[in-house]
file target_16.cif (mmCIF, C-alpha atoms; chains and numbers go by the auth columns)
data_my_file
#
loop_
_atom_site.group_PDB
_atom_site.id
_atom_site.type_symbol
_atom_site.label_atom_id
_atom_site.label_comp_id
_atom_site.label_asym_id
_atom_site.label_seq_id
_atom_site.Cartn_x
_atom_site.Cartn_y
_atom_site.Cartn_z
_atom_site.B_iso_or_equiv
_atom_site.auth_seq_id
_atom_site.auth_asym_id
ATOM 1 C CA MET A 1 0.000 0.000 0.000 0.00 1 A
ATOM 2 C CA LEU A 2 2.795 2.417 0.945 0.00 2 A
ATOM 3 C CA GLY A 3 4.551 1.642 -2.356 0.00 3 A
ATOM 4 C CA LYS A 4 1.411 2.537 -4.328 0.00 4 A
ATOM 5 C CA MET A 5 1.005 5.782 -2.408 0.00 5 A
ATOM 6 C CA LYS A 6 4.628 6.733 -3.217 0.00 6 A
ATOM 7 C CA MET A 7 4.025 5.872 -6.859 0.00 7 A
ATOM 8 C CA LEU A 8 0.910 8.076 -6.933 0.00 8 A
ATOM 9 C CA ALA A 9 2.829 10.917 -5.285 0.00 9 A
ATOM 10 C CA CYS A 10 5.563 10.624 -7.948 0.00 10 A
ATOM 11 C CA MET A 11 2.929 10.614 -10.714 0.00 11 A
ATOM 12 C CA ALA A 12 1.316 13.742 -9.250 0.00 12 A
ATOM 13 C CA ALA A 13 4.704 15.488 -9.064 0.00 13 A
ATOM 14 C CA ALA A 14 5.430 14.552 -12.685 0.00 14 A
ATOM 15 C CA VAL A 15 2.064 15.942 -13.803 0.00 15 A
ATOM 16 C CA VAL A 16 2.685 19.209 -11.972 0.00 16 A
ATOM 17 C CA GLY A 17 6.141 19.481 -13.574 0.00 17 A
ATOM 18 C CA THR A 18 4.866 18.977 -17.106 0.00 18 A
ATOM 19 C CA ALA A 19 2.021 21.438 -16.594 0.00 19 A
ATOM 20 C CA GLN A 20 4.469 24.043 -15.340 0.00 20 A
ATOM 21 C CA ALA A 21 6.745 25.284 -18.084 0.00 21 A
ATOM 22 C CA GLY A 22 7.588 25.418 -21.702 0.00 22 A
ATOM 23 C CA VAL A 23 8.731 27.323 -24.709 0.00 23 A
ATOM 24 C CA ILE A 24 5.869 28.467 -26.877 0.00 24 A
ATOM 25 C CA GLY A 25 5.923 29.295 -30.580 0.00 25 A
ATOM 26 C CA ALA A 26 4.188 32.113 -32.400 0.00 26 A
ATOM 27 C CA GLY A 27 1.229 29.825 -33.152 0.00 27 A
ATOM 28 C CA GLY A 28 0.779 28.767 -29.521 0.00 28 A
ATOM 29 C CA PHE A 29 -1.446 31.685 -28.523 0.00 29 A
ATOM 30 C CA SER A 30 -5.240 31.495 -28.629 0.00 30 A
ATOM 31 C CA ALA A 31 -6.398 35.122 -28.199 0.00 31 A
ATOM 32 C CA PRO A 32 -3.429 37.269 -27.178 0.00 32 A
ATOM 33 C CA THR A 33 -3.177 40.982 -26.591 0.00 33 A
ATOM 34 C CA VAL A 34 -0.642 42.194 -29.194 0.00 34 A
ATOM 35 C CA ILE A 35 1.452 45.368 -29.002 0.00 35 A
ATOM 36 C CA ASP A 36 3.262 46.499 -32.162 0.00 36 A
ATOM 37 C CA PHE A 37 4.574 49.790 -30.675 0.00 37 A
ATOM 38 C CA GLU A 38 3.390 51.771 -33.725 0.00 38 A
ATOM 39 C CA ASN A 39 1.461 54.195 -31.506 0.00 39 A
ATOM 40 C CA ALA A 40 4.190 54.634 -28.851 0.00 40 A
ATOM 41 C CA VAL A 41 5.754 58.025 -28.203 0.00 41 A
ATOM 42 C CA ALA A 42 9.518 58.500 -28.634 0.00 42 A
ATOM 43 C CA GLY A 43 11.651 57.897 -25.560 0.00 43 A
ATOM 44 C CA PRO A 44 11.222 55.421 -22.703 0.00 44 A
ATOM 45 C CA ILE A 45 8.181 53.190 -23.148 0.00 45 A
ATOM 46 C CA GLY A 46 7.595 53.036 -19.383 0.00 46 A
ATOM 47 C CA LYS A 47 3.862 53.188 -18.661 0.00 47 A
ATOM 48 C CA GLN A 48 2.686 54.047 -22.189 0.00 48 A
ATOM 49 C CA TYR A 49 0.743 50.757 -22.262 0.00 49 A
ATOM 50 C CA ALA A 50 -0.570 50.917 -18.684 0.00 50 A
ATOM 51 C CA ALA A 51 -4.141 50.770 -20.046 0.00 51 A
ATOM 52 C CA LEU A 52 -3.324 47.254 -21.295 0.00 52 A
ATOM 53 C CA GLY A 53 -1.987 46.286 -17.875 0.00 53 A
ATOM 54 C CA LEU A 54 1.784 46.391 -18.325 0.00 54 A
ATOM 55 C CA SER A 55 4.795 48.658 -17.919 0.00 55 A
ATOM 56 C CA PHE A 56 8.348 48.578 -19.269 0.00 56 A
ATOM 57 C CA THR A 57 11.684 49.259 -17.573 0.00 57 A
ATOM 58 C CA ASN A 58 14.837 49.970 -19.645 0.00 58 A
ATOM 59 C CA PHE A 59 13.016 49.758 -22.993 0.00 59 A
ATOM 60 C CA ASP A 60 12.901 52.738 -25.384 0.00 60 A
ATOM 61 C CA LEU A 61 11.090 53.249 -28.668 0.00 61 A
ATOM 62 C CA ALA A 62 13.322 52.625 -31.702 0.00 62 A
ATOM 63 C CA ILE A 63 13.125 51.555 -35.354 0.00 63 A
ATOM 64 C CA PHE A 64 14.495 48.102 -36.086 0.00 64 A
ATOM 65 C CA ALA A 65 13.740 44.878 -37.971 0.00 65 A
ATOM 66 C CA THR A 66 12.850 41.908 -35.771 0.00 66 A
ATOM 67 C CA SER A 67 11.490 39.556 -38.428 0.00 67 A
ATOM 68 C CA PRO A 68 11.777 39.140 -42.215 0.00 68 A
ATOM 69 C CA ALA A 69 9.669 42.290 -42.586 0.00 69 A
ATOM 70 C CA PRO A 70 10.512 45.962 -43.138 0.00 70 A
ATOM 71 C CA LYS A 71 11.847 47.929 -40.197 0.00 71 A
ATOM 72 C CA SER A 72 9.197 49.209 -37.794 0.00 72 A
ATOM 73 C CA PHE A 73 8.820 50.652 -34.300 0.00 73 A
ATOM 74 C CA VAL A 74 10.061 48.317 -31.573 0.00 74 A
ATOM 75 C CA ALA A 75 10.841 48.258 -27.862 0.00 75 A
ATOM 76 C CA LEU A 76 14.639 48.382 -27.607 0.00 76 A
ATOM 77 C CA LYS A 77 16.651 47.367 -24.536 0.00 77 A
ATOM 78 C CA TYR A 78 19.986 49.106 -24.949 0.00 78 A
ATOM 79 C CA VAL A 79 21.970 51.391 -22.683 0.00 79 A
ATOM 80 C CA GLU A 80 25.204 52.679 -24.190 0.00 80 A
ATOM 81 C CA GLY A 81 28.193 51.684 -22.093 0.00 81 A
ATOM 82 C CA ALA A 82 26.103 49.360 -19.894 0.00 82 A
ATOM 83 C CA PRO A 83 25.397 46.174 -21.883 0.00 83 A
ATOM 84 C CA GLN A 84 24.574 44.240 -18.711 0.00 84 A
ATOM 85 C CA ILE A 85 21.426 46.322 -18.033 0.00 85 A
ATOM 86 C CA ASP A 86 18.296 44.112 -17.971 0.00 86 A
ATOM 87 C CA GLY A 87 14.904 44.968 -19.444 0.00 87 A
ATOM 88 C CA THR A 88 11.753 44.238 -17.445 0.00 88 A
ATOM 89 C CA ILE A 89 8.065 44.004 -18.288 0.00 89 A
ATOM 90 C CA THR A 90 5.702 44.096 -15.302 0.00 90 A
ATOM 91 C CA PHE A 91 2.040 43.088 -15.579 0.00 91 A
ATOM 92 C CA SER A 92 -0.810 44.327 -13.395 0.00 92 A
ATOM 93 C CA SER A 93 -2.320 40.826 -13.331 0.00 93 A
ATOM 94 C CA VAL A 94 -1.153 37.249 -13.737 0.00 94 A
ATOM 95 C CA ILE A 95 -0.502 36.000 -17.277 0.00 95 A
ATOM 96 C CA THR A 96 0.484 32.548 -18.525 0.00 96 A
ATOM 97 C CA ARG A 97 2.020 33.178 -21.974 0.00 97 A
ATOM 98 C CA LEU A 98 4.360 35.807 -23.389 0.00 98 A
ATOM 99 C CA GLY A 99 6.071 36.045 -26.762 0.00 99 A
ATOM 100 C CA ALA A 100 7.608 38.514 -29.196 0.00 100 A
ATOM 101 C CA ASP A 101 9.585 38.848 -32.411 0.00 101 A
ATOM 102 C CA ALA A 102 13.109 39.522 -31.173 0.00 102 A
ATOM 103 C CA SER A 103 16.386 40.668 -32.633 0.00 103 A
ATOM 104 C CA THR A 104 19.865 40.864 -31.120 0.00 104 A
ATOM 105 C CA ASN A 105 23.376 41.040 -32.468 0.00 105 A
ATOM 106 C CA PRO A 106 24.127 37.537 -33.798 0.00 106 A
ATOM 107 C CA GLU A 107 26.738 37.045 -31.066 0.00 107 A
ATOM 108 C CA ASP A 108 24.320 37.973 -28.255 0.00 108 A
ATOM 109 C CA ASP A 109 21.732 35.604 -26.766 0.00 109 A
ATOM 110 C CA THR A 110 18.761 36.112 -24.473 0.00 110 A
ATOM 111 C CA PHE A 111 17.500 34.686 -21.180 0.00 111 A
ATOM 112 C CA ILE A 112 13.948 35.287 -19.962 0.00 112 A
ATOM 113 C CA ASP A 113 13.227 34.925 -16.238 0.00 113 A
ATOM 114 C CA ALA A 114 9.552 34.820 -15.214 0.00 114 A
ATOM 115 C CA TYR A 115 8.444 35.807 -11.704 0.00 115 A
ATOM 116 C CA LEU A 116 5.223 35.639 -9.728 0.00 116 A
ATOM 117 C CA GLY A 117 5.675 38.310 -7.101 0.00 117 A
ATOM 118 C CA ASN A 118 9.246 37.793 -5.903 0.00 118 A
ATOM 119 C CA THR A 119 9.268 34.068 -6.677 0.00 119 A
ATOM 120 C CA LEU A 120 11.142 32.878 -9.760 0.00 120 A
ATOM 121 C CA VAL A 121 8.683 30.699 -11.714 0.00 121 A
ATOM 122 C CA GLY A 122 11.164 29.640 -14.388 0.00 122 A
ATOM 123 C CA SER A 123 13.742 30.688 -16.971 0.00 123 A
ATOM 124 C CA HIS A 124 14.530 29.933 -20.567 0.00 124 A
ATOM 125 C CA PHE A 125 17.488 30.542 -22.879 0.00 125 A
ATOM 126 C CA PHE A 126 16.996 31.681 -26.491 0.00 126 A
ATOM 127 C CA ASP A 127 19.661 31.667 -29.189 0.00 127 A
ATOM 128 C CA THR A 128 18.534 34.994 -30.638 0.00 128 A
ATOM 129 C CA SER A 129 19.894 36.637 -33.771 0.00 129 A
ATOM 130 C CA GLY A 130 18.923 39.184 -36.385 0.00 130 A
ATOM 131 C CA ASP A 131 21.181 42.218 -36.162 0.00 131 A
ATOM 132 C CA GLY A 132 18.298 44.358 -37.434 0.00 132 A
ATOM 133 C CA LYS A 133 17.848 42.298 -40.613 0.00 133 A
ATOM 134 C CA GLY A 134 15.500 39.621 -39.311 0.00 134 A
ATOM 135 C CA GLY A 135 15.295 37.804 -36.046 0.00 135 A
ATOM 136 C CA SER A 136 13.839 35.143 -33.847 0.00 136 A
ATOM 137 C CA PHE A 137 10.623 34.430 -32.000 0.00 137 A
ATOM 138 C CA ILE A 138 10.925 34.096 -28.258 0.00 138 A
ATOM 139 C CA GLY A 139 8.010 32.799 -26.222 0.00 139 A
ATOM 140 C CA ILE A 140 7.398 31.296 -22.800 0.00 140 A
ATOM 141 C CA GLU A 141 4.471 29.600 -21.098 0.00 141 A
ATOM 142 C CA PHE A 142 4.244 28.967 -17.361 0.00 142 A
ATOM 143 C CA LEU A 143 0.810 27.647 -16.469 0.00 143 A
ATOM 144 C CA SER A 144 1.286 28.549 -12.810 0.00 144 A
ATOM 145 C CA GLY A 145 1.240 32.160 -14.020 0.00 145 A
ATOM 146 C CA PHE A 146 3.667 35.077 -13.761 0.00 146 A
ATOM 147 C CA ASP A 147 3.425 38.852 -13.473 0.00 147 A
ATOM 148 C CA ARG A 148 6.949 40.003 -14.341 0.00 148 A
ATOM 149 C CA VAL A 149 9.566 39.019 -16.894 0.00 149 A
ATOM 150 C CA VAL A 150 13.220 40.051 -16.934 0.00 150 A
ATOM 151 C CA PHE A 151 15.217 39.949 -20.179 0.00 151 A
ATOM 152 C CA HIS A 152 18.961 39.287 -19.754 0.00 152 A
ATOM 153 C CA THR A 153 20.991 39.632 -22.938 0.00 153 A
ATOM 154 C CA ILE A 154 24.392 38.004 -22.806 0.00 154 A
ATOM 155 C CA PRO A 155 26.428 41.087 -23.748 0.00 155 A
ATOM 156 C CA VAL A 156 29.030 39.755 -26.121 0.00 156 A
ATOM 157 C CA ILE A 157 28.564 42.854 -28.277 0.00 157 A
ATOM 158 C CA ASN A 158 26.369 45.487 -26.608 0.00 158 A
ATOM 159 C CA GLY A 159 23.395 43.747 -24.973 0.00 159 A
ATOM 160 C CA ALA A 160 20.835 45.267 -27.354 0.00 160 A
ATOM 161 C CA LEU A 161 17.476 43.458 -27.619 0.00 161 A
ATOM 162 C CA ALA A 162 14.635 44.646 -29.856 0.00 162 A
ATOM 163 C CA LEU A 163 11.094 43.336 -29.314 0.00 163 A
ATOM 164 C CA ASP A 164 8.142 43.717 -31.674 0.00 164 A
ATOM 165 C CA LYS A 165 4.642 42.262 -31.873 0.00 165 A
ATOM 166 C CA LEU A 166 4.757 41.561 -28.153 0.00 166 A
ATOM 167 C CA ARG A 167 1.894 39.224 -27.284 0.00 167 A
ATOM 168 C CA PHE A 168 0.582 37.950 -23.974 0.00 168 A
ATOM 169 C CA GLU A 169 -2.390 36.087 -22.568 0.00 169 A
ATOM 170 C CA ARG A 170 -3.800 36.317 -19.107 0.00 170 A
ATOM 171 C CA ALA A 171 -4.528 33.393 -16.818 0.00 171 A
ATOM 172 C CA ALA A 172 -8.124 32.146 -16.990 0.00 172 A
ATOM 173 C CA PRO A 173 -10.307 33.743 -14.296 0.00 173 A
ATOM 174 C CA PRO A 174 -11.587 31.519 -11.474 0.00 174 A
ATOM 175 C CA GLY A 175 -14.600 29.458 -12.527 0.00 175 A
ATOM 176 C CA GLN A 176 -13.402 28.872 -16.074 0.00 176 A
ATOM 177 C CA VAL A 177 -12.380 25.458 -17.380 0.00 177 A
ATOM 178 C CA PRO A 178 -9.235 24.307 -15.524 0.00 178 A
ATOM 179 C CA GLU A 179 -5.996 23.923 -17.451 0.00 179 A
ATOM 180 C CA PRO A 180 -5.214 20.359 -18.644 0.00 180 A
ATOM 181 C CA GLY A 181 -2.476 19.942 -16.025 0.00 181 A
ATOM 182 C CA SER A 182 -4.926 20.675 -13.207 0.00 182 A
ATOM 183 C CA LEU A 183 -7.411 18.181 -14.632 0.00 183 A
ATOM 184 C CA ALA A 184 -4.722 15.503 -14.859 0.00 184 A
ATOM 185 C CA LEU A 185 -3.630 16.187 -11.278 0.00 185 A
ATOM 186 C CA LEU A 186 -7.224 15.980 -10.069 0.00 186 A
ATOM 187 C CA GLY A 187 -7.655 12.692 -11.933 0.00 187 A
ATOM 188 C CA THR A 188 -4.495 11.273 -10.345 0.00 188 A
ATOM 189 C CA ALA A 189 -5.682 12.289 -6.870 0.00 189 A
ATOM 190 C CA LEU A 190 -9.102 10.700 -7.434 0.00 190 A
ATOM 191 C CA LEU A 191 -7.458 7.508 -8.680 0.00 191 A
ATOM 192 C CA GLY A 192 -5.310 7.427 -5.530 0.00 192 A
ATOM 193 C CA LEU A 193 -8.357 7.855 -3.312 0.00 193 A
ATOM 194 C CA ALA A 194 -10.177 5.090 -5.153 0.00 194 A
ATOM 195 C CA LEU A 195 -7.214 2.708 -4.759 0.00 195 A
ATOM 196 C CA ALA A 196 -6.850 3.574 -1.079 0.00 196 A
ATOM 197 C CA ARG A 197 -10.555 2.988 -0.479 0.00 197 A
ATOM 198 C CA ARG A 198 -10.412 -0.401 -2.231 0.00 198 A
ATOM 199 C CA ARG A 199 -7.619 -1.497 0.118 0.00 199 A
#

call {"tool": "encode", "arguments": {"input": "target_16.cif", "output": "structure tokens"}}
result
Amino acid sequence: MLGKMKMLACMAAAVVGTAQAGVIGAGGFSAPTVIDFENAVAGPIGKQYAALGLSFTNFDLAIFATSPAPKSFVALKYVEGAPQIDGTITFSSVITRLGADASTNPEDDTFIDAYLGNTLVGSHFFDTSGDGKGGSFIGIEFLSGFDRVVFHTIPVINGALALDKLRFERAAPPGQVPEPGSLALLGTALLGLALARRR
């Protein structure tokens, strides 16, 4: 009996782990809010998109190419003489998915750290490129939710990171259909109770 309970506990832990994190592609969003920065005002982006529930730290408006498209307005993380400076996006509510077209110098790469409050939810490394002539898509999904992301660019050259077509989706409000991971965890718990009762 004890062996089965340990097995069920391990299964539950595995389900929680798989429901927790992942890289998400551009097609992995269902109904995101998208920001293309075309209506931003020159200078620091800061709270220009506060009405959409987010603010930017260390991102300025610039013109750059982040995908195989013509140059357009982007959020640029770059501080001359300080390539180690991080860029941060803070959300007023919990979200589960975030992505953007991104461009860096080919030698520079990008880490995204996601936080819920002061707790690190998870991180992911992206081999970004572009150099203003194209770029990469970077996207994360943490089903536990997060409300702040920090962009670290490994500053081999100058730490510059341009983001365009930023997209994000909020966590489902209480009462909506639970995420698949929660359903699987509930099913595992019910199976454990049924086995325990049979014994």

call {"tool": "residues_near_point", "arguments": {"input": "target_16.cif", "point": "(12.9, 27.6, -16.7)", "cutoff": "8 Å", "atoms": "only C-alpha atoms", "output": "number ranges by chain"}}
result
A: 21-22, 113, 121-124

call {"tool": "closest_atom_pairs", "arguments": {"input": "target_16.cif", "of": "region 103-183 of chain A", "to": "region 50-65 of chain A", "cutoff": "6 Å", "atoms": "only C-alpha atoms", "output": "tab-separated table"}}
result
residue	atom	partner	partner_atom	distance
A:Gly132	CA	A:Ala65	CA	4.6
A:Lys133	CA	A:Ala65	CA	5.5
A:Gly134	CA	A:Ala65	CA	5.7

call {"tool": "resolve_selection", "arguments": {"input": "target_16.cif", "expression": "the PyMOL selection byres ((chain A and resi 93) around 8)", "output": "PDB file with C-alpha atoms, in the coordinates of the input"}}
result
ATOM      1  CA  GLY A  53      -1.987  46.286 -17.875  1.00  0.00           C
ATOM      2  CA  PHE A  91       2.040  43.088 -15.579  1.00  0.00           C
ATOM      3  CA  SER A  92      -0.810  44.327 -13.395  1.00  0.00           C
ATOM      4  CA  VAL A  94      -1.153  37.249 -13.737  1.00  0.00           C
ATOM      5  CA  ILE A  95      -0.502  36.000 -17.277  1.00  0.00           C
ATOM      6  CA  ASP A 147       3.425  38.852 -13.473  1.00  0.00           C
ATOM      7  CA  ARG A 170      -3.800  36.317 -19.107  1.00  0.00           C
TER       8      ARG A 170
END

call {"tool": "closest_residue", "arguments": {"input": "target_16.cif", "among": "A:Thr119, A:Thr66, A:Thr90, A:Ser144", "to": "Leu161 (chain A)", "atoms": "only C-alpha atoms"}}
result
A:Thr66

call {"tool": "resolve_selection", "arguments": {"input": "target_16.cif", "expression": "the PyMOL selection byres ((chain A and resi 158) around 10)", "output": "list in words"}}
result
Tyr78, Val79, Glu80, Gly81, Ala82, Pro83, Gln84, Ile85, Thr104, Asn105, Glu107, Asp108, Thr153, Ile154, Pro155, Val156, Ile157, Gly159, Ala160 and Leu161 of chain A

call {"tool": "resolve_selection", "arguments": {"input": "target_16.cif", "expression": "the PyMOL selection byres ((chain A and resi 112) around 10)", "output": "PyMOL selection string"}}
result
chain A and resi 87-88+110-111+113-115+122-126+138-140+149-153

call {"tool": "atom_distance", "arguments": {"input": "target_16.cif", "atom1": "CA of Pro44 (chain A)", "atom2": "CA of Lys71 (chain A)"}}
result
19.0 Å

call {"tool": "closest_residue", "arguments": {"input": "target_16.cif", "among": "A:Ser129, A:Asn118, A:Ser72, A:Ser136", "to": "Glu38 (chain A)", "atoms": "only C-alpha atoms"}}
result
A:Ser72

call {"tool": "closest_residue", "arguments": {"input": "target_16.cif", "among": "A:Pro70, A:Thr33, A:Gln48, A:Gly99", "to": "Leu163 (chain A)", "atoms": "all atoms listed in the file"}}
result
A:Gly99
